[in-house]
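Visitor: One file: query29.txt (compact mmCIF, C-alpha atoms).
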# COMPACT_ATOMS: atom_id res chain seq x y z
CA MET A 1 -31.96 22.82 24.60
CA PRO A 2 -32.30 19.27 25.97
CA THR A 3 -29.25 17.47 27.27
CA LYS A 4 -27.91 14.49 25.35
CA ALA A 5 -29.58 12.10 27.81
CA GLN A 6 -32.92 13.91 27.44
CA ALA A 7 -32.65 13.85 23.65
CA ALA A 8 -31.84 10.13 23.73
CA ALA A 9 -34.86 9.42 25.95
CA LEU A 10 -37.03 10.63 23.09
CA LEU A 11 -35.42 8.08 20.77
CA ALA A 12 -37.16 4.86 21.70
CA SER A 13 -36.09 2.84 18.65
CA PRO A 14 -33.29 2.58 16.09
CA ASP A 15 -35.71 3.99 13.48
CA GLU A 16 -36.21 7.14 15.58
CA VAL A 17 -32.44 7.53 15.99
CA GLU A 18 -31.96 7.13 12.24
CA ASN A 19 -34.73 9.64 11.48
CA GLN A 20 -33.09 12.22 13.76
CA PHE A 21 -29.68 11.54 12.18
CA TYR A 22 -30.98 12.29 8.67
CA GLU A 23 -33.03 15.28 9.88
CA ALA A 24 -29.86 16.70 11.45
CA LEU A 25 -28.01 16.28 8.13
CA ARG A 26 -30.79 18.08 6.24
CA GLU A 27 -30.79 20.88 8.85
CA ALA A 28 -26.98 21.04 9.24
CA ASP A 29 -27.64 20.82 13.01
CA LEU A 30 -24.46 19.56 14.65
CA ALA A 31 -25.92 19.41 18.18
CA LYS A 32 -28.91 17.37 17.00
CA LEU A 33 -26.62 15.08 15.01
CA MET A 34 -24.21 14.47 17.90
CA ALA A 35 -27.12 13.74 20.27
CA VAL A 36 -27.83 10.47 18.42
CA TRP A 37 -24.29 9.11 18.85
CA ALA A 38 -23.41 6.77 21.72
CA GLU A 39 -20.99 7.98 24.35
CA GLU A 40 -18.69 5.04 23.59
CA GLU A 41 -15.03 5.85 22.93
CA GLU A 42 -15.04 3.70 19.81
CA VAL A 43 -17.88 5.23 17.76
CA ILE A 44 -16.93 5.04 14.08
CA CYS A 45 -17.84 7.05 11.00
CA VAL A 46 -16.67 6.67 7.41
CA HIS A 47 -17.79 9.23 4.84
CA PRO A 48 -17.79 8.24 1.14
CA GLY A 49 -14.19 7.65 0.06
CA GLY A 50 -12.88 9.08 3.34
CA PRO A 51 -10.84 7.77 6.25
CA ARG A 52 -12.24 5.94 9.26
CA MET A 53 -12.92 8.43 12.06
CA VAL A 54 -12.88 6.94 15.56
CA GLY A 55 -14.25 8.70 18.62
CA ALA A 56 -16.82 11.43 19.19
CA ALA A 57 -14.33 14.28 18.67
CA ALA A 58 -13.28 12.96 15.26
CA VAL A 59 -16.91 12.34 14.23
CA ARG A 60 -17.92 15.85 15.38
CA ALA A 61 -15.04 17.48 13.48
CA ALA A 62 -15.92 15.59 10.29
CA PHE A 63 -19.59 16.64 10.37
CA GLU A 64 -18.67 20.18 11.36
CA ALA A 65 -16.52 20.37 8.21
CA LEU A 66 -19.36 18.95 6.09
CA PHE A 67 -21.86 21.41 7.52
CA SER A 68 -19.56 24.35 6.70
CA ASN A 69 -20.90 23.88 3.14
CA GLY A 70 -24.51 23.98 4.34
CA PRO A 71 -27.20 21.35 4.83
CA ILE A 72 -26.93 17.94 3.18
CA VAL A 73 -30.03 17.19 1.14
CA VAL A 74 -30.33 13.46 1.80
CA GLN A 75 -33.18 11.00 1.99
CA PRO A 76 -32.76 7.41 3.24
CA GLU A 77 -34.53 4.88 1.03
CA ASN A 78 -34.91 1.12 0.76
CA VAL A 79 -33.84 0.52 4.37
CA ARG A 80 -33.09 -3.11 5.29
CA ARG A 81 -33.28 -3.70 9.04
CA MET A 82 -31.78 -6.39 11.28
CA HIS A 83 -32.70 -5.98 14.96
CA THR A 84 -32.02 -7.82 18.22
CA LEU A 85 -32.98 -6.75 21.73
CA SER A 86 -29.85 -4.63 22.16
CA ALA A 87 -28.43 -3.98 18.69
CA ALA A 88 -29.62 -3.07 15.21
CA VAL A 89 -28.02 -2.78 11.78
CA HIS A 90 -29.65 -0.81 8.97
CA SER A 91 -28.50 -0.99 5.36
CA VAL A 92 -29.65 2.21 3.64
CA ASN A 93 -29.60 3.71 0.16
CA GLU A 94 -29.07 7.43 0.63
CA ARG A 95 -30.41 9.64 -2.15
CA LEU A 96 -28.51 12.93 -2.24
CA GLU A 97 -29.44 16.09 -4.10
CA LEU A 98 -26.24 17.80 -5.24
CA VAL A 99 -25.51 21.12 -6.91
CA THR A 100 -22.70 20.78 -9.45
CA ALA A 101 -21.27 22.99 -12.19
CA GLU A 102 -23.75 21.25 -14.53
CA GLY A 103 -26.70 22.04 -12.24
CA LYS A 104 -28.71 19.92 -9.81
CA ARG A 105 -27.89 16.22 -9.79
CA THR A 106 -29.00 13.20 -7.81
CA GLY A 107 -26.40 10.89 -6.33
CA TRP A 108 -26.67 7.63 -4.43
CA VAL A 109 -24.65 6.30 -1.52
CA SER A 110 -25.00 2.90 0.15
CA ALA A 111 -24.63 3.23 3.91
CA THR A 112 -24.71 1.05 7.00
CA ASN A 113 -25.90 2.41 10.35
CA VAL A 114 -25.28 0.41 13.53
CA PHE A 115 -27.19 1.09 16.74
CA ILE A 116 -26.96 -0.21 20.30
CA LYS A 117 -29.39 0.07 23.17
CA THR A 118 -27.75 1.91 26.06
CA ALA A 119 -28.95 2.96 29.51
CA GLN A 120 -29.86 6.30 27.89
CA GLY A 121 -31.80 4.71 24.99
CA TRP A 122 -30.89 3.69 21.45
CA ARG A 123 -27.76 5.32 20.04
CA LEU A 124 -25.77 5.27 16.82
CA VAL A 125 -22.31 3.65 17.13
CA ALA A 126 -21.28 3.41 13.47
CA HIS A 127 -22.12 5.07 10.16
CA HIS A 128 -20.27 3.78 7.10
CA ALA A 129 -21.02 5.23 3.66
CA SER A 130 -19.68 3.97 0.33
CA PRO A 131 -18.42 6.21 -2.48
CA GLY A 132 -21.35 7.70 -4.37
CA THR A 133 -22.74 6.86 -7.79
CA PRO A 134 -24.96 8.82 -10.19
CA HIS A 135 -27.53 6.00 -10.30
CA GLU A 136 -29.59 4.12 -7.74
CA PRO A 137 -27.70 1.09 -6.40
CA VAL A 138 -28.79 -2.30 -7.69
CA GLU A 139 -29.93 -4.73 -5.03
CA VAL A 140 -29.00 -8.37 -5.50
CA ILE A 141 -31.24 -10.72 -3.55
CA GLU A 142 -30.35 -14.37 -3.36
CA THR A 143 -33.27 -16.69 -3.91
CA PRO A 144 -33.28 -20.34 -2.89
CA ALA A 145 -32.52 -22.77 -5.71
CA VAL A 146 -34.95 -25.36 -4.33
CA LEU A 147 -38.44 -24.67 -3.06
CA HIS A 148 -39.64 -26.82 -0.16
Is it possible to give me this structure as C-alpha cells?
Guide:
Amino acid sequence: MPTKAQAAALLASPDEVENQFYEALREADLAKLMAVWAEEEEVICVHPGGPRMVGAAAVRAAFEALFSNGPIVVQPENVRRMHTLSAAVHSVNERLELVTAEGKRTGWVSATNVFIKTAQGWRLVAHHASPGTPHEPVEVIETPAVLH
C-alpha cells in the first residue's frame, strides 16, 4: 500500500483529490479516504446535521463510524469550481442512493470541499455537507440587471 505522501503525489489537481474522496466513500475505504486529507491540525469535516469535527483523528473516527454501515453510494454532480494557484473550493451536489424502510430512495446533499496545495500535492482541508433533501437542490444564479 502506498504511503500518504505517495498517494498524494498521484493527486495532481483538486479534481483528482475529489474523485478519490468520492471513490473512497463508495468503496468504504478508510485508508484511501484519509490519504486525501491534509496533514494540517485544523482539517474540518461536517456531516449533514452533525457537529463540526476538527483534526484528522476526529475526521477518521467519523468516517469509520459511517463505514460501519457499509459503502456510501454517492455521486458528485453539478460541481462549481473556484481555483487559485494554491487553493480551491468546490461546491457540489451529492446524489445519494439510500435504502429505507420504504425501499430505495435518492437523496441530495449540498457540500463544499476545500483544497490546498501542499508540498505533498493537493489535499482536502474541509468537507462541509448540508442536511439532505429528497429532491435535487435548486440553483439560484444571479444575472446582471443591465447588459453592457
Visitor: List the spatial neighbours of A:Val59 as a list in words - criterion: any atom at most 9 Å away, only C-alpha atoms, same-chain residues fewer than 4 positions off excluded.
Guide: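 What passes the distance filter is Met34, Val43, Ile44, Cys45, Val46, Met53, Val54, Gly55, Phe63 and Glu64 of chain A.
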Visitor: Find, counting only C-alpha atoms, the residue in A:Val73, A:Ala65, A:Leu96, A:Leu11 that gets nearest to A:Leu30.
Guide: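 Among the listed residues, A:Ala65 lies closest to A:Leu30.
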Visitor: Considering all atoms listed in the file, return as number ranges by chain whatever protein or nucleic-acid residues lie within 10 Å of A:Pro48, sequence-local ones (same chain, fewer than 6 positions apart) excluded.
Guide: A: 109-111, 128-132
Visitor: For A:Ala62, which residue among A:Thr112, A:Ser91, A:Val125, A:Leu33 is the nearest when counting only C-alpha atoms?
Guide: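 Between A:Thr112, A:Ser91, A:Val125, A:Leu33, the residue approaching A:Ala62 most closely is A:Leu33.
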Visitor: For a quick check of understanding, using all atoms listed in the file, which of A:Gly121, A:Pro71, A:Gly107, A:Pro137 has the smallest distance to A:Val92?
Guide: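 The answer is A:Pro137, which sits nearest to A:Val92.
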Visitor: For A:Pro134, which residue out of A:Lys104, A:Arg81, A:Lys117, A:Arg60 is the nearest one, using only C-alpha atoms?
Guide: A:Lys104
Visitor: Excluding A:Ile116 and residues on its chain fewer than 2 positions from it, collect all residues at most 10 Å away from it, counting all atoms listed in the file, and give them as a ChimeraX atom specification.
Guide: /A:13-14,37-38,83-89,114,118-119,121-126
Visitor: How many Å lie between atom CA of A:Gln20 and atom CA of A:Thr100, rounded to one decimal?
Guide: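 Separation of atom CA of A:Gln20 and atom CA of A:Thr100: 26.8 Å.
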Visitor: What's the separation between atom CA of A:Pro144 and atom CA of A:Glu94, in Å to one decimal place?
Guide: 28.3 Å
Visitor: Nearest residue to A:Glu77 out of A:Glu27, A:Gly49, A:Gly103, A:Glu136, using only C-alpha atoms?
Guide: A:Glu136
Visitor: Find the residue from A:Glu102, A:Ala12, A:Gln120, A:Glu97 that sits nearest to A:His135; use only C-alpha atoms when measuring.
Guide: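 Of all the options, A:Glu97 lies closest to A:His135.
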Visitor: Please determine an axis-aligned box that encloses all atoms of stretch 13-25 of chain A listed in the file, with 5 Å added on each side, and express its centre and edge lengths in Å to one decimal as JSON.
Guide:
{"center_x": -32.1, "center_y": 9.6, "center_z": 13.4, "size_x": 18.2, "size_y": 24.1, "size_z": 20.5}
Visitor: Report, in Å to a single decimal, how far apart atom CA of A:Asn113 and atom CA of A:His90 are.
Guide: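 Between atom CA of A:His90 and atom CA of A:Asn113 the gap is 5.1 Å.
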Visitor: Could you add whatever atoms are missing so that stretch 76-100 of chain A carries N, CA and C atoms, then write the result as an mmCIF file, in the frame of the given file?
Guide:
data_model
loop_
_atom_site.group_PDB
_atom_site.id
_atom_site.type_symbol
_atom_site.label_atom_id
_atom_site.label_comp_id
_atom_site.auth_asym_id
_atom_site.auth_seq_id
_atom_site.Cartn_x
_atom_site.Cartn_y
_atom_site.Cartn_z
ATOM 1 N N PRO A 76 -33.006 8.859 3.193
ATOM 2 C CA PRO A 76 -32.760 7.410 3.240
ATOM 3 C C PRO A 76 -33.900 6.677 2.539
ATOM 4 N N GLU A 77 -33.532 5.675 1.751
ATOM 5 C CA GLU A 77 -34.530 4.880 1.030
ATOM 6 C C GLU A 77 -34.145 3.416 1.080
ATOM 7 N N ASN A 78 -35.129 2.562 0.849
ATOM 8 C CA ASN A 78 -34.910 1.120 0.760
ATOM 9 C C ASN A 78 -34.080 0.617 1.945
ATOM 10 N N VAL A 79 -34.548 0.907 3.148
ATOM 11 C CA VAL A 79 -33.840 0.520 4.370
ATOM 12 C C VAL A 79 -34.089 -0.957 4.657
ATOM 13 N N ARG A 80 -33.023 -1.704 4.855
ATOM 14 C CA ARG A 80 -33.090 -3.110 5.290
ATOM 15 C C ARG A 80 -32.683 -3.132 6.751
ATOM 16 N N ARG A 81 -33.509 -3.738 7.601
ATOM 17 C CA ARG A 81 -33.280 -3.700 9.040
ATOM 18 C C ARG A 81 -33.041 -5.098 9.614
ATOM 19 N N MET A 82 -32.041 -5.194 10.492
ATOM 20 C CA MET A 82 -31.780 -6.390 11.280
ATOM 21 C C MET A 82 -31.712 -5.942 12.726
ATOM 22 N N HIS A 83 -32.628 -6.429 13.568
ATOM 23 C CA HIS A 83 -32.700 -5.980 14.960
ATOM 24 C C HIS A 83 -32.603 -7.169 15.923
ATOM 25 N N THR A 84 -31.964 -6.916 17.072
ATOM 26 C CA THR A 84 -32.020 -7.820 18.220
ATOM 27 C C THR A 84 -32.526 -6.972 19.382
ATOM 28 N N LEU A 85 -32.523 -7.520 20.572
ATOM 29 C CA LEU A 85 -32.980 -6.750 21.730
ATOM 30 C C LEU A 85 -32.073 -5.566 22.056
ATOM 31 N N SER A 86 -30.769 -5.691 21.750
ATOM 32 C CA SER A 86 -29.850 -4.630 22.160
ATOM 33 C C SER A 86 -28.986 -4.060 21.039
ATOM 34 N N ALA A 87 -29.205 -4.506 19.804
ATOM 35 C CA ALA A 87 -28.430 -3.980 18.690
ATOM 36 C C ALA A 87 -29.267 -4.006 17.416
ATOM 37 N N ALA A 88 -28.924 -3.126 16.489
ATOM 38 C CA ALA A 88 -29.620 -3.070 15.210
ATOM 39 C C ALA A 88 -28.642 -2.622 14.134
ATOM 40 N N VAL A 89 -28.815 -3.165 12.939
ATOM 41 C CA VAL A 89 -28.020 -2.780 11.780
ATOM 42 C C VAL A 89 -28.996 -2.428 10.666
ATOM 43 N N HIS A 90 -28.823 -1.245 10.091
ATOM 44 C CA HIS A 90 -29.650 -0.810 8.970
ATOM 45 C C HIS A 90 -28.760 -0.612 7.746
ATOM 46 N N SER A 91 -29.136 -1.231 6.643
ATOM 47 C CA SER A 91 -28.500 -0.990 5.360
ATOM 48 C C SER A 91 -29.408 -0.030 4.603
ATOM 49 N N VAL A 92 -28.857 1.103 4.175
ATOM 50 C CA VAL A 92 -29.650 2.210 3.640
ATOM 51 C C VAL A 92 -29.103 2.656 2.293
ATOM 52 N N ASN A 93 -29.995 2.975 1.365
ATOM 53 C CA ASN A 93 -29.600 3.710 0.160
ATOM 54 C C ASN A 93 -29.910 5.169 0.436
ATOM 55 N N GLU A 94 -28.889 6.002 0.397
ATOM 56 C CA GLU A 94 -29.070 7.430 0.630
ATOM 57 C C GLU A 94 -29.155 8.144 -0.718
ATOM 58 N N ARG A 95 -30.259 8.842 -0.932
ATOM 59 C CA ARG A 95 -30.410 9.640 -2.150
ATOM 60 C C ARG A 95 -30.031 11.075 -1.815
ATOM 61 N N LEU A 96 -29.012 11.592 -2.506
ATOM 62 C CA LEU A 96 -28.510 12.930 -2.240
ATOM 63 C C LEU A 96 -28.826 13.858 -3.410
ATOM 64 N N GLU A 97 -29.240 15.059 -3.082
ATOM 65 C CA GLU A 97 -29.440 16.090 -4.100
ATOM 66 C C GLU A 97 -28.202 16.984 -4.051
ATOM 67 N N LEU A 98 -27.499 17.073 -5.178
ATOM 68 C CA LEU A 98 -26.240 17.800 -5.240
ATOM 69 C C LEU A 98 -26.335 18.941 -6.234
ATOM 70 N N VAL A 99 -25.628 20.035 -5.956
ATOM 71 C CA VAL A 99 -25.510 21.120 -6.910
ATOM 72 C C VAL A 99 -24.104 21.070 -7.465
ATOM 73 N N THR A 100 -24.001 20.871 -8.783
ATOM 74 C CA THR A 100 -22.700 20.780 -9.450
ATOM 75 C C THR A 100 -22.590 21.909 -10.471
#
